[in-house]
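Everything below belongs to entry_28.txt, which stores compact mmCIF, C-alpha atoms and all ligand atoms.
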# COMPACT_ATOMS: atom_id res chain seq x y z
CA MET E 1 63.47 146.90 118.82
CA THR E 2 64.67 146.19 115.34
CA VAL E 3 68.35 146.58 114.68
CA GLN E 4 69.04 148.92 111.80
CA LYS E 5 71.89 147.37 109.84
CA ASP E 6 74.06 149.81 107.96
CA THR E 7 74.01 148.60 104.41
CA SER E 8 75.23 151.77 102.68
CA GLY E 9 78.78 150.35 102.50
CA LEU E 10 77.42 147.35 100.64
CA TYR E 11 75.64 149.49 98.07
CA ARG E 12 78.90 151.35 97.53
CA LEU E 13 80.66 148.02 96.98
CA ILE E 14 78.13 147.11 94.29
CA ASP E 15 78.67 150.47 92.57
CA ARG E 16 82.42 149.95 92.70
CA LEU E 17 82.18 146.43 91.31
CA TYR E 18 79.97 147.80 88.52
CA SER E 19 82.40 150.57 87.59
CA ASP E 20 85.82 148.98 88.32
CA ARG E 21 84.91 145.31 87.69
CA ARG E 22 86.85 144.32 90.75
CA LEU E 23 86.90 144.57 94.51
CA GLU E 24 89.32 143.78 97.30
CA PRO E 25 88.87 140.27 98.74
CA ASP E 26 87.02 141.67 101.76
CA GLY E 27 84.53 143.38 99.46
CA TYR E 28 83.64 140.10 97.76
CA ARG E 29 83.34 138.43 101.13
CA ALA E 30 80.97 141.11 102.39
CA LEU E 31 78.68 140.65 99.37
CA LEU E 32 78.70 136.85 99.73
CA VAL E 33 77.91 136.89 103.41
CA CYS E 34 75.21 139.54 103.18
CA ASP E 35 71.71 138.10 103.41
CA ASP E 36 69.91 141.44 103.16
CA HIS E 37 67.32 141.03 100.42
CA LYS E 38 67.46 144.64 99.33
CA VAL E 39 71.22 144.57 98.89
CA ALA E 40 71.03 141.28 97.01
CA GLY E 41 68.26 142.77 94.87
CA ARG E 42 70.46 145.73 93.93
CA LEU E 43 73.36 143.41 93.13
CA HIS E 44 71.15 141.32 90.84
CA GLU E 45 69.70 144.42 89.22
CA ALA E 46 73.16 145.77 88.37
CA ALA E 47 74.19 142.39 86.96
CA ARG E 48 70.96 142.08 84.97
CA GLU E 49 71.44 145.55 83.51
CA GLU E 50 74.92 144.57 82.39
CA THR E 51 73.60 141.35 80.83
CA LEU E 52 70.80 143.10 78.96
CA LYS E 53 73.14 145.80 77.71
CA ARG E 54 75.47 143.22 76.20
CA PHE E 55 73.22 140.37 75.19
CA GLY E 56 69.72 141.80 75.00
CA THR E 57 66.87 139.60 76.17
CA GLY E 58 68.06 136.42 74.42
CA ILE E 59 69.17 133.36 76.36
CA TYR E 60 71.52 130.98 74.59
CA ILE E 61 70.66 127.29 74.57
CA ARG E 62 73.18 124.45 74.49
CA GLY E 63 72.17 120.85 73.87
CA LEU E 64 73.82 118.68 76.51
CA ILE E 65 74.68 115.15 75.45
CA GLU E 66 75.77 112.98 78.36
CA PHE E 67 78.10 110.83 76.40
CA SER E 68 79.24 108.32 79.01
CA SER E 69 78.83 107.57 82.72
CA ILE E 70 82.09 105.62 82.85
CA CYS E 71 84.67 107.45 84.96
CA ARG E 72 88.21 106.66 86.06
CA ASN E 73 88.08 109.28 88.81
CA ASP E 74 86.76 108.93 92.31
CA CYS E 75 85.67 112.44 93.29
CA LEU E 76 83.97 112.09 96.65
CA TYR E 77 80.93 114.21 95.75
CA CYS E 78 80.01 112.65 92.43
CA GLY E 79 77.47 109.91 91.79
CA ILE E 80 79.39 108.42 88.86
CA ARG E 81 82.65 108.12 90.82
CA ARG E 82 84.60 104.97 90.06
CA SER E 83 83.94 103.27 93.36
CA ASN E 84 80.16 103.64 93.19
CA ARG E 85 79.28 100.06 92.34
CA LYS E 86 75.61 100.94 92.10
CA ALA E 87 76.10 103.45 89.30
CA GLU E 88 74.73 102.40 85.95
CA ARG E 89 77.51 102.59 83.36
CA TYR E 90 76.92 103.31 79.71
CA CYS E 91 78.74 104.79 76.77
CA LEU E 92 76.86 106.13 73.76
CA SER E 93 78.04 105.09 70.31
CA LYS E 94 79.02 107.58 67.63
CA GLU E 95 75.77 106.88 65.82
CA ASP E 96 73.73 107.47 69.04
CA ILE E 97 75.49 110.79 69.53
CA LEU E 98 74.97 111.90 65.94
CA GLU E 99 71.32 111.00 66.29
CA CYS E 100 71.09 113.23 69.40
CA CYS E 101 72.68 116.06 67.43
CA ARG E 102 70.22 115.58 64.55
CA GLN E 103 67.30 115.74 66.92
CA GLY E 104 68.85 118.78 68.61
CA TYR E 105 69.44 120.49 65.28
CA ARG E 106 65.79 120.02 64.34
CA LEU E 107 64.77 121.56 67.68
CA GLY E 108 66.95 124.61 66.98
CA PHE E 109 70.17 123.86 68.89
CA ARG E 110 73.36 125.24 67.35
CA THR E 111 75.72 124.21 70.14
CA PHE E 112 76.25 120.67 71.29
CA VAL E 113 77.97 119.92 74.56
CA LEU E 114 79.53 116.50 74.81
CA GLN E 115 79.89 115.75 78.50
CA GLY E 116 80.96 112.58 80.24
CA GLY E 117 82.93 110.91 82.98
CA GLU E 118 86.68 110.68 82.47
CA LEU E 119 87.27 107.84 80.06
CA PRO E 120 90.70 106.18 79.92
CA ASP E 121 93.31 107.71 77.61
CA THR E 122 92.80 104.77 75.26
CA SER E 123 89.43 106.32 74.33
CA ASP E 124 91.02 109.48 72.93
CA MET E 125 90.91 108.25 69.32
CA LEU E 126 87.25 107.40 69.65
CA ILE E 127 86.49 110.84 71.09
CA GLU E 128 88.45 112.51 68.31
CA ASP E 129 86.53 110.55 65.71
CA ILE E 130 83.22 111.58 67.28
CA CYS E 131 84.26 115.25 67.30
CA SER E 132 85.19 115.09 63.61
CA ALA E 133 81.92 113.40 62.75
CA ILE E 134 79.87 116.04 64.58
CA THR E 135 81.72 119.02 63.17
CA SER E 136 81.59 117.71 59.60
CA GLU E 137 77.87 116.91 59.74
CA PHE E 138 77.01 120.18 61.54
CA PRO E 139 79.44 122.78 60.23
CA ASP E 140 77.25 125.65 61.41
CA CYS E 141 77.21 124.39 65.01
CA ALA E 142 79.66 124.83 67.86
CA LEU E 143 80.98 121.81 69.71
CA THR E 144 81.77 122.08 73.41
CA LEU E 145 83.54 119.32 75.32
CA SER E 146 83.32 118.54 79.03
CA LEU E 147 85.34 115.36 79.41
CA GLY E 148 87.61 116.14 82.32
CA GLU E 149 91.38 116.04 82.51
CA ARG E 150 93.01 114.74 79.33
CA ARG E 151 96.60 114.76 78.10
CA ASP E 152 97.86 118.10 76.73
CA GLU E 153 98.23 116.63 73.25
CA THR E 154 94.70 115.26 73.40
CA TYR E 155 93.29 118.74 74.00
CA VAL E 156 95.20 119.90 70.92
CA ARG E 157 93.93 117.00 68.79
CA LEU E 158 90.34 117.51 69.83
CA PHE E 159 90.64 121.20 69.01
CA LYS E 160 91.93 120.29 65.56
CA ALA E 161 88.98 117.93 65.19
CA GLY E 162 86.71 120.97 65.54
CA ALA E 163 85.82 121.31 69.23
CA THR E 164 86.23 124.99 70.09
CA ARG E 165 84.96 125.16 73.66
CA TYR E 166 85.84 123.17 76.77
CA LEU E 167 84.26 123.11 80.24
CA LEU E 168 86.38 122.00 83.16
CA ARG E 169 85.37 123.26 86.58
CA HIS E 170 88.30 123.75 88.92
CA GLU E 171 85.84 122.94 91.77
CA THR E 172 87.88 124.90 94.35
CA ARG E 173 91.04 127.00 94.20
CA ASN E 174 92.09 126.04 97.71
CA PRO E 175 94.49 123.05 97.73
CA VAL E 176 93.37 121.78 101.14
CA HIS E 177 89.72 122.03 100.18
CA TYR E 178 90.51 120.34 96.87
CA SER E 179 92.12 117.45 98.73
CA LEU E 180 89.04 117.04 100.91
CA LEU E 181 86.82 116.64 97.84
CA HIS E 182 89.08 114.42 95.76
CA PRO E 183 91.09 111.22 96.15
CA LYS E 184 94.80 111.65 96.70
CA GLU E 185 95.80 110.73 93.15
CA MET E 186 94.08 113.89 91.91
CA SER E 187 95.64 117.30 92.33
CA LEU E 188 94.56 120.89 92.04
CA GLU E 189 97.85 121.62 90.37
CA HIS E 190 97.03 119.29 87.50
CA ARG E 191 93.51 120.67 87.18
CA LEU E 192 94.88 124.21 86.88
CA HIS E 193 97.50 122.99 84.41
CA CYS E 194 94.73 121.56 82.22
CA LEU E 195 92.87 124.87 82.30
CA ASP E 196 96.03 126.68 81.23
CA VAL E 197 96.59 124.28 78.36
CA LEU E 198 92.98 124.59 77.24
CA LYS E 199 93.26 128.38 77.13
CA ARG E 200 96.58 128.29 75.32
CA THR E 201 95.25 125.78 72.80
CA GLY E 202 92.63 128.33 71.82
CA TYR E 203 89.49 126.90 73.37
CA GLN E 204 86.80 129.18 74.74
CA THR E 205 87.28 127.83 78.22
CA GLY E 206 84.81 127.40 81.05
CA THR E 207 85.50 126.77 84.68
CA GLY E 208 83.57 127.02 87.93
CA ILE E 209 82.64 125.55 91.25
CA MET E 210 79.94 123.85 93.24
CA VAL E 211 78.42 126.23 95.74
CA GLY E 212 78.09 124.80 99.24
CA SER E 213 80.35 121.82 98.59
CA PRO E 214 81.45 119.97 101.73
CA PHE E 215 83.94 121.90 103.89
CA GLN E 216 83.71 124.99 101.67
CA THR E 217 84.09 128.31 103.48
CA TYR E 218 83.37 131.85 102.38
CA ASP E 219 87.12 132.42 102.21
CA ASN E 220 87.41 129.51 99.78
CA ILE E 221 84.79 131.12 97.55
CA VAL E 222 86.72 134.40 97.65
CA GLU E 223 89.79 132.47 96.46
CA ASP E 224 87.67 131.09 93.60
CA ILE E 225 86.54 134.58 92.67
CA LEU E 226 90.12 135.87 92.57
CA TYR E 227 91.26 132.90 90.50
CA ILE E 228 88.43 133.28 88.00
CA GLY E 229 89.11 137.02 87.83
CA ASP E 230 92.72 136.28 86.83
CA LEU E 231 91.96 133.41 84.44
CA LYS E 232 89.15 135.33 82.69
CA PRO E 233 87.40 132.24 81.37
CA GLU E 234 84.86 132.72 78.60
CA MET E 235 82.32 130.58 80.50
CA ILE E 236 81.59 130.22 84.21
CA GLY E 237 79.55 127.31 85.59
CA LEU E 238 78.15 127.53 89.12
CA GLY E 239 75.74 125.11 90.68
CA PRO E 240 74.78 124.18 94.21
CA PHE E 241 76.26 121.02 95.65
CA ILE E 242 73.56 118.35 96.00
CA PRO E 243 74.38 115.10 97.85
CA HIS E 244 74.23 111.76 96.07
CA ARG E 245 73.03 108.81 98.13
CA ASP E 246 75.83 106.45 97.06
CA THR E 247 78.76 108.75 97.84
CA PRO E 248 80.64 109.49 101.07
CA PHE E 249 78.90 112.88 101.20
CA ARG E 250 75.42 111.33 101.21
CA ASN E 251 74.49 112.95 104.53
CA TYR E 252 76.19 116.25 104.01
CA ARG E 253 73.89 119.23 104.23
CA THR E 254 74.88 122.77 103.42
CA GLY E 255 74.47 125.32 106.12
CA LEU E 256 76.44 123.33 108.65
CA VAL E 257 80.06 124.21 108.08
CA ASP E 258 81.61 127.62 108.74
CA SER E 259 78.14 129.11 108.69
CA LEU E 260 77.60 128.78 104.95
CA PRO E 261 73.91 129.56 104.66
CA ALA E 262 71.10 127.13 104.11
CA ASP E 263 69.97 129.50 101.34
CA ILE E 264 72.28 128.06 98.76
CA VAL E 265 70.17 129.33 95.87
CA GLY E 266 70.60 132.90 97.15
CA LEU E 267 74.34 132.47 97.52
CA THR E 268 74.64 130.98 94.03
CA ALA E 269 72.64 133.89 92.63
CA ARG E 270 74.88 136.45 94.35
CA LEU E 271 77.92 134.72 92.91
CA ILE E 272 76.43 134.76 89.41
CA SER E 273 75.89 138.50 89.77
CA ILE E 274 79.42 139.09 91.04
CA PHE E 275 80.88 137.24 88.05
CA ARG E 276 78.61 139.06 85.61
CA LEU E 277 79.89 142.38 86.93
CA MET E 278 83.53 141.23 86.94
CA LEU E 279 83.51 139.62 83.52
CA PRO E 280 80.52 141.17 81.76
CA ASP E 281 80.96 139.31 78.46
CA ALA E 282 81.12 135.87 80.08
CA LEU E 283 78.69 133.11 79.19
CA ILE E 284 77.13 132.02 82.47
CA PRO E 285 74.58 129.20 82.56
CA ALA E 286 71.67 128.87 84.93
CA THR E 287 72.69 125.28 85.66
CA THR E 288 70.65 122.10 85.95
CA ALA E 289 71.73 121.78 89.60
CA LEU E 290 70.24 125.20 90.31
CA ALA E 291 67.00 124.20 88.58
CA THR E 292 67.00 120.87 90.44
CA ILE E 293 67.37 122.34 93.92
CA ALA E 294 64.63 124.92 93.25
CA PRO E 295 62.31 123.55 90.56
CA GLY E 296 59.65 126.29 90.75
CA ASP E 297 56.40 125.34 89.11
CA LYS E 298 55.78 124.21 85.59
CA ASN E 299 54.00 127.28 84.29
CA GLY E 300 56.48 129.64 85.87
CA THR E 301 54.16 131.24 88.44
CA THR E 302 56.68 130.43 91.15
CA PRO E 303 60.11 131.09 89.72
CA GLY E 304 62.63 128.31 90.12
CA GLY E 305 66.42 128.31 90.31
CA ARG E 306 66.72 128.69 86.54
CA GLU E 307 64.75 131.91 86.56
CA THR E 308 66.55 133.13 89.68
CA GLY E 309 69.90 132.51 87.97
CA ILE E 310 68.82 134.39 84.86
CA MET E 311 67.46 137.30 86.89
CA ALA E 312 70.86 137.42 88.60
CA GLY E 313 72.81 137.65 85.33
CA ALA E 314 73.00 134.17 83.79
CA ASN E 315 72.50 134.07 80.02
CA VAL E 316 72.73 130.39 79.03
CA VAL E 317 70.69 127.25 79.67
CA MET E 318 71.75 123.73 78.79
CA PRO E 319 68.79 121.40 78.25
CA ASN E 320 69.44 117.67 78.18
CA LEU E 321 69.65 116.11 74.71
CA SER E 322 70.71 112.63 75.81
CA PRO E 323 68.50 109.71 74.78
CA SER E 324 65.89 109.29 77.54
CA ARG E 325 66.90 105.67 78.13
CA VAL E 326 70.29 106.73 79.54
CA ARG E 327 69.30 109.84 81.47
CA GLN E 328 68.89 108.03 84.79
CA GLY E 329 72.37 106.58 84.36
CA TYR E 330 74.06 109.98 84.37
CA SER E 331 73.30 110.58 87.99
CA LEU E 332 75.81 113.07 89.40
CA TYR E 333 73.56 113.94 92.36
CA ASP E 334 70.17 112.90 93.70
CA GLY E 335 67.08 114.04 91.86
CA LYS E 336 68.95 115.57 88.93
CA ALA E 337 66.39 117.18 86.64
CA SER E 338 66.33 115.87 83.07
CA SER E 339 62.78 116.49 81.98
CA GLY E 340 60.48 119.45 81.39
CA ALA E 341 62.36 122.66 80.73
CA GLU E 342 65.67 120.87 81.48
CA ALA E 343 65.09 118.57 78.49
CA ALA E 344 65.61 119.42 74.84
CA GLU E 345 62.15 118.14 74.00
CA GLY E 346 60.75 120.47 76.69
CA ILE E 347 61.96 123.50 74.80
CA GLY E 348 58.36 124.77 74.50
CA GLU E 349 58.03 124.79 78.27
CA LEU E 350 61.41 126.51 78.58
CA GLU E 351 60.32 129.20 76.12
CA LYS E 352 57.13 129.82 78.12
CA ARG E 353 59.00 130.04 81.39
CA LEU E 354 61.50 132.47 79.90
CA GLU E 355 58.68 134.61 78.54
CA LYS E 356 57.35 135.07 82.06
CA ILE E 357 60.57 136.84 82.99
CA GLY E 358 60.74 138.84 79.76
CA ARG E 359 63.35 136.69 78.04
CA HIS E 360 63.42 134.40 75.03
CA ILE E 361 65.52 131.64 73.50
CA GLU E 362 68.33 132.87 71.26
CA ILE E 363 69.07 130.44 68.46
CA SER E 364 72.52 131.56 67.30
CA ARG E 365 75.71 129.71 68.27
CA GLY E 366 76.51 132.31 70.90
CA ASP E 367 80.28 132.38 70.73
CA PHE E 368 82.16 134.44 73.26
CA LEU E 369 82.58 137.99 71.96
CA HIS E 370 84.23 141.03 73.41
CA ARG E 371 81.48 143.55 73.15
CA GLU E 372 83.41 146.75 73.75
N1 LIG M 401 76.32 118.18 93.26
C1 LIG M 401 76.41 119.21 92.38
N2 LIG M 401 77.23 119.22 91.32
C2 LIG M 401 77.98 118.12 91.12
N3 LIG M 401 78.91 117.85 90.19
C3 LIG M 401 79.38 116.61 90.40
N4 LIG M 401 78.80 116.07 91.50
C4 LIG M 401 77.93 117.01 91.97
C5 LIG M 401 77.05 117.07 93.08
N5 LIG M 401 76.95 116.06 93.95
C6 LIG M 401 79.35 118.82 89.19
C7 LIG M 401 80.86 119.06 89.30
C8 LIG M 401 81.35 118.69 87.92
C9 LIG M 401 80.11 118.83 87.06
C10 LIG M 401 80.12 118.04 85.80
O1 LIG M 401 79.08 118.36 87.90
O2 LIG M 401 81.12 120.43 89.57
O3 LIG M 401 82.39 119.53 87.47

Can you present the structure in this file as C-alpha cells?
Amino acid sequence: MTVQKDTSGLYRLIDRLYSDRRLEPDGYRALLVCDDHKVAGRLHEAAREETLKRFGTGIYIRGLIEFSSICRNDCLYCGIRRSNRKAERYCLSKEDILECCRQGYRLGFRTFVLQGGELPDTSDMLIEDICSAITSEFPDCALTLSLGERRDETYVRLFKAGATRYLLRHETRNPVHYSLLHPKEMSLEHRLHCLDVLKRTGYQTGTGIMVGSPFQTYDNIVEDILYIGDLKPEMIGLGPFIPHRDTPFRNYRTGLVDSLPADIVGLTARLISIFRLMLPDALIPATTALATIAPGDKNGTTPGGRETGIMAGANVVMPNLSPSRVRQGYSLYDGKASSGAEAAEGIGELEKRLEKIGRHIEISRGDFLHRE
C-alpha cells in the first residue's frame, strides 16, 4: 500500500511565499525538508516565473579572477586555509590581473570579480591600487570584490577606488555552528559587522552559505533564511559544501548529520527558489560548487547543477577568468571545476548549454535594480 502524503499544505505555502514574499519559520522548514518532486517542481516553477518576469531569459556573466590563494584565516572547511601546508600559494600581479580583465573584456565580460584569500592588512594599498587600475582602464565595467573581512576604512577606500559590489558569505547565522566551522579567533559577530559596513558604505552586497556544511541542521538554514530576509542583500551565493582532502573535514559527507539529505543539489535548488521568491530582484548565481558536484554532460543532454540552479531561479554564472597556470592553486574544495562552461574561454559551451534550457548570456553589467 502506498502512503498518500498530504502535500496540499505545501502548495499553499508556495502560493503564500509567492504573494507575501515571506513565511513563518516553520513554513520555510517544511519546504526545505520536503523531498516530494512535484512540490519541489512547483516551487521551482514559481521561482522561475518570477525570474523571467523580472530579468527575461538573459543570464548575467561575471568573470571571476582568483587573485590570490594566500589566506590568513584557518576556516576548517577551506582548502586554502592557513594551516594547509600542501596548498599552493600564489598572488597575481597587477599586470596579470589587468591582462585577465583585457581577455575577459574581449570575450564580452562587463563585470570582473576579484576574489582571493584574506591577505594581511598590509596589502590594502596594493588592493586599492589594483581596483583603481581596473576601474580606470574599464570604465564601462563593474568591479566586484570578494576578499573577506577587511577593516571598515578599507571597505570605504576600496569603494572610492571604484569597486561597487562586495561578496562576503556569512556562512551560517548560528553562532554555535559558526564556531564549529571556524577557528576561535574568528567570530560571527565580526562577519555580520563587516556585512553591515559594506551595506552602509554603499556596496551592492552579497552574502550566502554553503549548503550541507558540517554540523548544519535544517533549523540553521531557517536562521540563514531569516537573516538574509532581514539584510536584503543584492546578491545571494549558495553552493553545496564539498570536502577538501587536506582539511579537517576531509571525510565529512552530507546526509549524515540531523538527517540533512544526501540530495544536496535538490536542497540547494529549493533554497535558490525560496530566495528568489523572497527577494525577487536579487542576483543569484548558479555557483561553481553546484556545477562541480553535478557536472551534467558537455552538450547539455543531462542537465548539471548549473542548469538545475538556473531552472530553480538563479540568474548569474561566474566563469573562471584566472590564468590557467594558477587555477589548480585556488583549490577551495576537491575537484573544483575550472574548465569547460566554468571557464571564461568556454563561453561558447556555456552559451550552448544555456540554449538547451531556453536561456542566453546577457552581456550588460547587470547591476542590481528594483524592478517595481
Ligand atoms: N565547499 C564548498 N564551498 C566552499 N567554500 C570554501 N570552502 C568550501 C568547500 N569546502 C566557499 C565558502 C566561501 C567561498 C569563497 O567558498 O562559502 O565563502

Take atom CA of Arg253 of chain E and atom CA of Arg29 of chain E and report the distance between them in Å, one decimal.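 Separating atom CA of Arg253 of chain E from atom CA of Arg29 of chain E is a distance of 21.6 Å.
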
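Closest approach to Leu290 of chain E from the set E:Gly366, E:Gly162, E:Gly348, E:Gly212 is made by E:Gly212, with distances taken over all atoms listed in the file.
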
Using only C-alpha atoms and all ligand atoms, which residues have at least one atom no more than 7 Å from ligand LIG 401 (chain M)? Output them as a PyMOL selection string. chain E and resi 77-79+168-169+171+209-210+239-244+289+332-333

Writer output for current selection, C-alpha atoms, as a PDB file, keeping the file's coordinate frame:
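Result went into out_24.pdb, see below:
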ATOM      1  CA  TYR E  77      80.930 114.210  95.750  1.00  0.00           C
ATOM      2  CA  CYS E  78      80.010 112.650  92.430  1.00  0.00           C
ATOM      3  CA  GLY E  79      77.470 109.910  91.790  1.00  0.00           C
ATOM      4  CA  LEU E 168      86.380 122.000  83.160  1.00  0.00           C
ATOM      5  CA  ARG E 169      85.370 123.260  86.580  1.00  0.00           C
ATOM      6  CA  GLU E 171      85.840 122.940  91.770  1.00  0.00           C
ATOM      7  CA  ILE E 209      82.640 125.550  91.250  1.00  0.00           C
ATOM      8  CA  MET E 210      79.940 123.850  93.240  1.00  0.00           C
ATOM      9  CA  GLY E 239      75.740 125.110  90.680  1.00  0.00           C
ATOM     10  CA  PRO E 240      74.780 124.180  94.210  1.00  0.00           C
ATOM     11  CA  PHE E 241      76.260 121.020  95.650  1.00  0.00           C
ATOM     12  CA  ILE E 242      73.560 118.350  96.000  1.00  0.00           C
ATOM     13  CA  PRO E 243      74.380 115.100  97.850  1.00  0.00           C
ATOM     14  CA  HIS E 244      74.230 111.760  96.070  1.00  0.00           C
ATOM     15  CA  ALA E 289      71.730 121.780  89.600  1.00  0.00           C
ATOM     16  CA  LEU E 332      75.810 113.070  89.400  1.00  0.00           C
ATOM     17  CA  TYR E 333      73.560 113.940  92.360  1.00  0.00           C
TER      18      TYR E 333
END

Among listed residues E:Arg365, E:Arg89, E:Arg110, E:Lys53, nearest Gln328 of chain E (using only C-alpha atoms): E:Arg89

Could you make a table, as a Markdown table, of the residues of segment 195-297 of chain E that have an atom within 12 Å of an atom of segment 134-152 of chain E, each with its nearest atom pair and distance in Å to one decimal, counting all atoms listed in the file, in chain and number order?
| residue | atom | partner | partner_atom | distance |
| --- | --- | --- | --- | --- |
| E:Leu195 | CA | E:Glu149 | CA | 9.0 |
| E:Asp196 | CA | E:Asp152 | CA | 9.9 |
| E:Val197 | CA | E:Asp152 | CA | 6.5 |
| E:Leu198 | CA | E:Asp152 | CA | 8.1 |
| E:Lys199 | CA | E:Asp152 | CA | 11.3 |
| E:Arg200 | CA | E:Asp152 | CA | 10.4 |
| E:Thr201 | CA | E:Asp152 | CA | 9.0 |
| E:Tyr203 | CA | E:Thr144 | CA | 9.1 |
| E:Gln204 | CA | E:Thr144 | CA | 8.8 |
| E:Thr205 | CA | E:Thr144 | CA | 9.3 |
| E:Gly206 | CA | E:Ser146 | CA | 9.2 |
| E:Thr207 | CA | E:Ser146 | CA | 10.2 |
| E:Met235 | CA | E:Thr144 | CA | 11.1 |
| E:Gly237 | CA | E:Ser146 | CA | 11.6 |

Residues near Ser179 of chain E, anyone? I mean within 12 Å using all atoms listed in the file, not counting same-chain ones fewer than 5 positions away, as a PDB file with C-alpha atoms, keeping the file's coordinate frame.
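Saved file selection_13.pdb follows:
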ATOM      1  CA  ASP E  74      86.760 108.930  92.310  1.00  0.00           C
ATOM      2  CA  CYS E  75      85.670 112.440  93.290  1.00  0.00           C
ATOM      3  CA  LEU E  76      83.970 112.090  96.650  1.00  0.00           C
ATOM      4  CA  GLU E 171      85.840 122.940  91.770  1.00  0.00           C
ATOM      5  CA  THR E 172      87.880 124.900  94.350  1.00  0.00           C
ATOM      6  CA  ARG E 173      91.040 127.000  94.200  1.00  0.00           C
ATOM      7  CA  ASN E 174      92.090 126.040  97.710  1.00  0.00           C
ATOM      8  CA  LYS E 184      94.800 111.650  96.700  1.00  0.00           C
ATOM      9  CA  GLU E 185      95.800 110.730  93.150  1.00  0.00           C
ATOM     10  CA  MET E 186      94.080 113.890  91.910  1.00  0.00           C
ATOM     11  CA  SER E 187      95.640 117.300  92.330  1.00  0.00           C
ATOM     12  CA  LEU E 188      94.560 120.890  92.040  1.00  0.00           C
ATOM     13  CA  GLU E 189      97.850 121.620  90.370  1.00  0.00           C
ATOM     14  CA  PRO E 214      81.450 119.970 101.730  1.00  0.00           C
ATOM     15  CA  PHE E 215      83.940 121.900 103.890  1.00  0.00           C
ATOM     16  CA  GLN E 216      83.710 124.990 101.670  1.00  0.00           C
TER      17      GLN E 216
END

Restricting the calculation to all atoms listed in the file: of E:Ala294, E:Leu158, E:Val113, E:Ala312, which residue gets closest to Leu277 of chain E?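 Of the candidates, the smallest distance to Leu277 of chain E is held by E:Ala312.
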
Residue list as a ChimeraX atom specification for point (73.0, 106.0, 98.4), cut-off 9 Å, all atoms listed in the file: /E:79,86,244-248,250,334

Atom CA of Val33 of chain E to atom CA of Leu181 of chain E measures 22.8 Å

Which segment 253-353 of chain E residues have any atom within 10 Å of an atom of segment 114-120 of chain E, and for each, what is the nearest pair of atoms with distance in Å to one decimal, counting only C-alpha atoms, rows sorted by chain and number, as a Markdown table?
| residue | atom | partner | partner_atom | distance |
| --- | --- | --- | --- | --- |
| E:Leu321 | CA | E:Leu114 | CA | 9.9 |
| E:Ser322 | CA | E:Leu114 | CA | 9.7 |
| E:Tyr330 | CA | E:Gly116 | CA | 8.5 |
| E:Leu332 | CA | E:Gly117 | CA | 9.8 |

Can you write just those residues out, C-alpha atoms, as a short mmCIF file (atom, residue, chain, number, x, y, z; two decimals), in the coordinates of the input?
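Below is the file part.cif, written as the result:
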data_model
loop_
_atom_site.label_atom_id
_atom_site.label_comp_id
_atom_site.auth_asym_id
_atom_site.auth_seq_id
_atom_site.Cartn_x
_atom_site.Cartn_y
_atom_site.Cartn_z
CA LEU E 321 69.65 116.11 74.71
CA SER E 322 70.71 112.63 75.81
CA TYR E 330 74.06 109.98 84.37
CA LEU E 332 75.81 113.07 89.40
#

What is the atom CA of Ala291 of chain E to atom CA of Glu342 of chain E distance in Å? 8.0 Å

Restricting the calculation to all atoms listed in the file, which member of E:Gly296, E:Gly305, E:Gly56, E:Gly313 is positioned closest to Leu279 of chain E?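 Nearest to Leu279 of chain E: E:Gly313.
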
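The shortest atom-to-atom distance to Pro323 of chain E, with only C-alpha atoms taken into account, belongs to E:Ala343 out of E:Ala343, E:Asp20, E:Ala133, E:Asp297.
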
If you count only C-alpha atoms, which residues fall within 8 Å of Ile363 of chain E, apart from same-chain ones fewer than 3 positions away, as a PyMOL selection string? chain E and resi 60-61+108-110

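Remark: for Asn73 of chain E, the closest of the candidate residues E:His182, E:Val222, E:Gly358, E:Thr288 is E:His182 (distances computed over only C-alpha atoms).
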
Enclose segment 181-185 of chain E, meaning all of its atoms listed in the file, in a box aligned along x, y and z, pad it by 6 Å on each side, and list the centre and edge lengths in Å to one decimal, as AutoDock Vina command-line options.
--center_x 91.3 --center_y 113.7 --center_z 95.5 --size_x 21.0 --size_y 17.9 --size_z 16.7

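Residues lying within 12 Å of Thr51 of chain E, counting all atoms listed in the file and ignoring same-chain neighbours fewer than 6 positions away, are Tyr18, His44, Glu45, Thr57, Gly58, Ile59, Ile272, Ser273, Ile274, Phe275, Arg276, Leu277, Met278, Leu279, Pro280, Asp281, Ala282, Leu283, Ile284, Gly309, Ile310, Met311, Ala312, Gly313, Ala314, Asn315, Val316, Arg359 and Arg371 of chain E.
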
Selection export as an mmCIF file, in the frame of the given file, atoms kept: C-alpha atoms:
data_model
loop_
_atom_site.group_PDB
_atom_site.id
_atom_site.type_symbol
_atom_site.label_atom_id
_atom_site.label_comp_id
_atom_site.auth_asym_id
_atom_site.auth_seq_id
_atom_site.Cartn_x
_atom_site.Cartn_y
_atom_site.Cartn_z
ATOM 1 C CA TYR E 18 79.970 147.800 88.520
ATOM 2 C CA HIS E 44 71.150 141.320 90.840
ATOM 3 C CA GLU E 45 69.700 144.420 89.220
ATOM 4 C CA THR E 57 66.870 139.600 76.170
ATOM 5 C CA GLY E 58 68.060 136.420 74.420
ATOM 6 C CA ILE E 59 69.170 133.360 76.360
ATOM 7 C CA ILE E 272 76.430 134.760 89.410
ATOM 8 C CA SER E 273 75.890 138.500 89.770
ATOM 9 C CA ILE E 274 79.420 139.090 91.040
ATOM 10 C CA PHE E 275 80.880 137.240 88.050
ATOM 11 C CA ARG E 276 78.610 139.060 85.610
ATOM 12 C CA LEU E 277 79.890 142.380 86.930
ATOM 13 C CA MET E 278 83.530 141.230 86.940
ATOM 14 C CA LEU E 279 83.510 139.620 83.520
ATOM 15 C CA PRO E 280 80.520 141.170 81.760
ATOM 16 C CA ASP E 281 80.960 139.310 78.460
ATOM 17 C CA ALA E 282 81.120 135.870 80.080
ATOM 18 C CA LEU E 283 78.690 133.110 79.190
ATOM 19 C CA ILE E 284 77.130 132.020 82.470
ATOM 20 C CA GLY E 309 69.900 132.510 87.970
ATOM 21 C CA ILE E 310 68.820 134.390 84.860
ATOM 22 C CA MET E 311 67.460 137.300 86.890
ATOM 23 C CA ALA E 312 70.860 137.420 88.600
ATOM 24 C CA GLY E 313 72.810 137.650 85.330
ATOM 25 C CA ALA E 314 73.000 134.170 83.790
ATOM 26 C CA ASN E 315 72.500 134.070 80.020
ATOM 27 C CA VAL E 316 72.730 130.390 79.030
ATOM 28 C CA ARG E 359 63.350 136.690 78.040
ATOM 29 C CA ARG E 371 81.480 143.550 73.150
#
